[in-house]
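A.B. asks: Structure incoming, see below.
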Amino acid sequence: MLDRRDLGILIVDDNDISRSMLRHILNSEAFNVIGEASSGVIALDWLEKTIPEIVCLDVMMPDISGLEILEHIKSVSPETVVLMVTGSNNRDTVVKAIKAGANGFIVKPFNPATLLQSMHYAVNKSQKQLKTMIDRRKAWKNSGLI
């Protein structure tokens, strides 16, 4: 079983309140939120510096769509678990996100129990790849690469 504190989570959402709520709910359950981005450009810049194990990614962003960011994440780090955050149940968007590699969805407005259920499901389903990422990050850190 993975330790939640080892899972680095990046929250990407242009809405300050949504980011704050996600951070609060995840931190309250001992998840490790390692960063936040309020735009697609900031998210891509953040992802240049580090690769989180999990990304909570808003679908609708003003500068770069969440689907474009999802494609970038999966091209750089296919193991990264990406949960799409959306206030819409648009079928086309859901299908596109799944085809691009999304590991799940978090629906706005947030219900803490549902959000945590989605997070736990994604983590349990992806344990092997997440463990590989955590072990790699720890090895890089021990060798001074990060």
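Naming works like this for the structure tokens: A, B, ... for the chains as they're shown, residue 1 at the start of each chain, ligands 1 onward in shown order.
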Quick one: residues within 9 Å of stretch 72-86 of chain A, only C-alpha atoms, excluding same-chain residues fewer than 4 positions away - as a PyMOL selection string?
C.D. replies: chain A and resi 12-13+44+47+51-60+66-68+94+97+100-109+118-119+122-123+126+129-130+132-133
A.B. asks: Just C-alpha atoms for this one: save the residues we selected as a compact mmCIF listing (two decimals), in the first residue's frame.
C.D. replies:
# COMPACT_ATOMS: atom_id res chain seq x y z
CA VAL A 12 -4.23 23.00 -11.99
CA ASP A 13 -7.35 25.19 -12.01
CA LEU A 44 3.44 23.69 -18.23
CA LEU A 47 5.84 20.50 -15.24
CA ILE A 51 6.83 15.55 -12.59
CA PRO A 52 4.15 14.97 -9.95
CA GLU A 53 2.67 11.53 -9.45
CA ILE A 54 -0.87 12.93 -9.67
CA VAL A 55 -2.33 15.97 -11.42
CA CYS A 56 -5.82 17.33 -10.73
CA LEU A 57 -6.43 19.20 -13.98
CA ASP A 58 -9.30 21.54 -14.82
CA VAL A 59 -10.75 20.84 -18.26
CA MET A 60 -11.71 24.45 -19.04
CA GLY A 66 -6.93 20.98 -19.93
CA LEU A 67 -7.08 18.43 -22.75
CA GLU A 68 -3.95 19.94 -24.34
CA VAL A 94 -15.17 12.96 -21.37
CA ALA A 97 -10.06 12.97 -22.06
CA ALA A 100 -5.91 11.06 -24.18
CA GLY A 101 -5.16 9.08 -21.02
CA ALA A 102 -7.20 10.63 -18.19
CA ASN A 103 -7.36 8.31 -15.20
CA GLY A 104 -10.59 9.68 -13.79
CA PHE A 105 -12.80 12.70 -13.18
CA ILE A 106 -13.60 15.01 -10.29
CA VAL A 107 -16.92 16.79 -10.75
CA LYS A 108 -17.58 20.36 -9.60
CA PRO A 109 -19.06 21.43 -7.28
CA SER A 118 -12.21 9.35 -7.03
CA MET A 119 -8.69 9.96 -5.70
CA ALA A 122 -7.27 6.28 -9.16
CA VAL A 123 -4.46 5.62 -6.67
CA SER A 126 -2.49 2.84 -10.55
CA GLN A 129 3.01 2.88 -11.79
CA LEU A 130 2.82 5.31 -8.87
CA THR A 132 7.65 3.21 -9.79
CA MET A 133 7.46 7.01 -9.98
A.B. asks: Please return, as a ChimeraX atom specification, all residues of chain A that DSSP assigns to strand (DSSP E or B) on the basis of the backbone.
C.D. replies: /A:8-12,32-37,54-58,81-86,104-107
A.B. asks: What's the separation between atom CA of A:Arg5 and atom CA of A:Leu70, in Å to one decimal place?
C.D. replies: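 Atom-to-atom, atom CA of A:Arg5 and atom CA of A:Leu70 are spaced 23.5 Å apart.
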A.B. asks: Env of A:Ile17: 12 Å cut, atoms = only C-alpha atoms, seq-sep filter 6 positions within chain, self excluded. Answer as a PyMOL selection string.
C.D. replies: chain A and resi 11+23-24+38+108-110
A.B. asks: For the structure I just gave you, how does DSSP split stretch 61-130 of chain A - specifically, which residues are helix (DSSP H, G or I)? Reply as an NGL selection string.
C.D. replies: :A and (66-76 or 91-100 or 112-125 or 127-130)
A.B. asks: Would you put the residues from that selection into a file with C-alpha atoms, as an mmCIF file, in the first residue's frame?
C.D. replies:
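Result saved to out.cif:
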data_model
loop_
_atom_site.group_PDB
_atom_site.id
_atom_site.type_symbol
_atom_site.label_atom_id
_atom_site.label_comp_id
_atom_site.auth_asym_id
_atom_site.auth_seq_id
_atom_site.Cartn_x
_atom_site.Cartn_y
_atom_site.Cartn_z
ATOM 1 C CA GLY A 66 -6.928 20.984 -19.928
ATOM 2 C CA LEU A 67 -7.077 18.428 -22.748
ATOM 3 C CA GLU A 68 -3.954 19.944 -24.341
ATOM 4 C CA ILE A 69 -2.148 19.897 -20.999
ATOM 5 C CA LEU A 70 -3.269 16.279 -20.482
ATOM 6 C CA GLU A 71 -1.737 15.304 -23.835
ATOM 7 C CA HIS A 72 1.520 17.037 -22.873
ATOM 8 C CA ILE A 73 1.652 15.317 -19.478
ATOM 9 C CA LYS A 74 1.042 11.883 -20.990
ATOM 10 C CA SER A 75 3.693 12.447 -23.687
ATOM 11 C CA VAL A 76 6.320 13.404 -21.077
ATOM 12 C CA ARG A 91 -19.845 13.472 -23.349
ATOM 13 C CA ASP A 92 -17.413 14.546 -26.102
ATOM 14 C CA THR A 93 -15.041 16.069 -23.556
ATOM 15 C CA VAL A 94 -15.166 12.956 -21.373
ATOM 16 C CA VAL A 95 -14.459 10.691 -24.362
ATOM 17 C CA LYS A 96 -11.569 12.903 -25.549
ATOM 18 C CA ALA A 97 -10.060 12.969 -22.063
ATOM 19 C CA ILE A 98 -10.267 9.197 -21.668
ATOM 20 C CA LYS A 99 -8.720 8.649 -25.100
ATOM 21 C CA ALA A 100 -5.914 11.064 -24.181
ATOM 22 C CA PRO A 112 -15.408 15.879 -0.304
ATOM 23 C CA ALA A 113 -16.501 12.234 -0.067
ATOM 24 C CA THR A 114 -16.852 11.879 -3.846
ATOM 25 C CA LEU A 115 -13.572 13.680 -4.498
ATOM 26 C CA LEU A 116 -11.710 11.405 -2.096
ATOM 27 C CA GLN A 117 -13.422 8.352 -3.548
ATOM 28 C CA SER A 118 -12.206 9.353 -7.034
ATOM 29 C CA MET A 119 -8.690 9.956 -5.702
ATOM 30 C CA HIS A 120 -8.548 6.640 -3.816
ATOM 31 C CA TYR A 121 -9.890 4.744 -6.835
ATOM 32 C CA ALA A 122 -7.275 6.284 -9.158
ATOM 33 C CA VAL A 123 -4.459 5.624 -6.668
ATOM 34 C CA ASN A 124 -5.522 2.008 -6.071
ATOM 35 C CA LYS A 125 -5.917 1.357 -9.788
ATOM 36 C CA GLN A 127 -0.462 1.610 -7.556
ATOM 37 C CA LYS A 128 2.256 -0.117 -9.561
ATOM 38 C CA GLN A 129 3.013 2.884 -11.793
ATOM 39 C CA LEU A 130 2.822 5.312 -8.867
#
A.B. asks: In Å, how far is it from atom CA of A:Asn32 to atom CA of A:Gly8?
C.D. replies: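 Interatomic distance here is 5.4 Å.
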A.B. asks: Which of these, A:Asp3, A:Lys131, A:Met61, A:Arg137, has the shortest distance to A:Glu29 once you count only C-alpha atoms?
C.D. replies: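 Going through A:Asp3, A:Lys131, A:Met61, A:Arg137 one by one, the smallest distance to A:Glu29 is for A:Asp3.
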A.B. asks: Rounded to one decimal, what separation in Å do you get between atom CA of A:Asn111 and atom CA of A:Ile42?
C.D. replies: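 Straight-line distance from atom CA of A:Asn111 to atom CA of A:Ile42 works out to 26.4 Å.
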A.B. asks: Go through A:Gly87, A:Leu7, A:Asp63, A:Met1 and flag the residue nearest A:Ile134, using only C-alpha atoms for the distances.
C.D. replies: A:Leu7
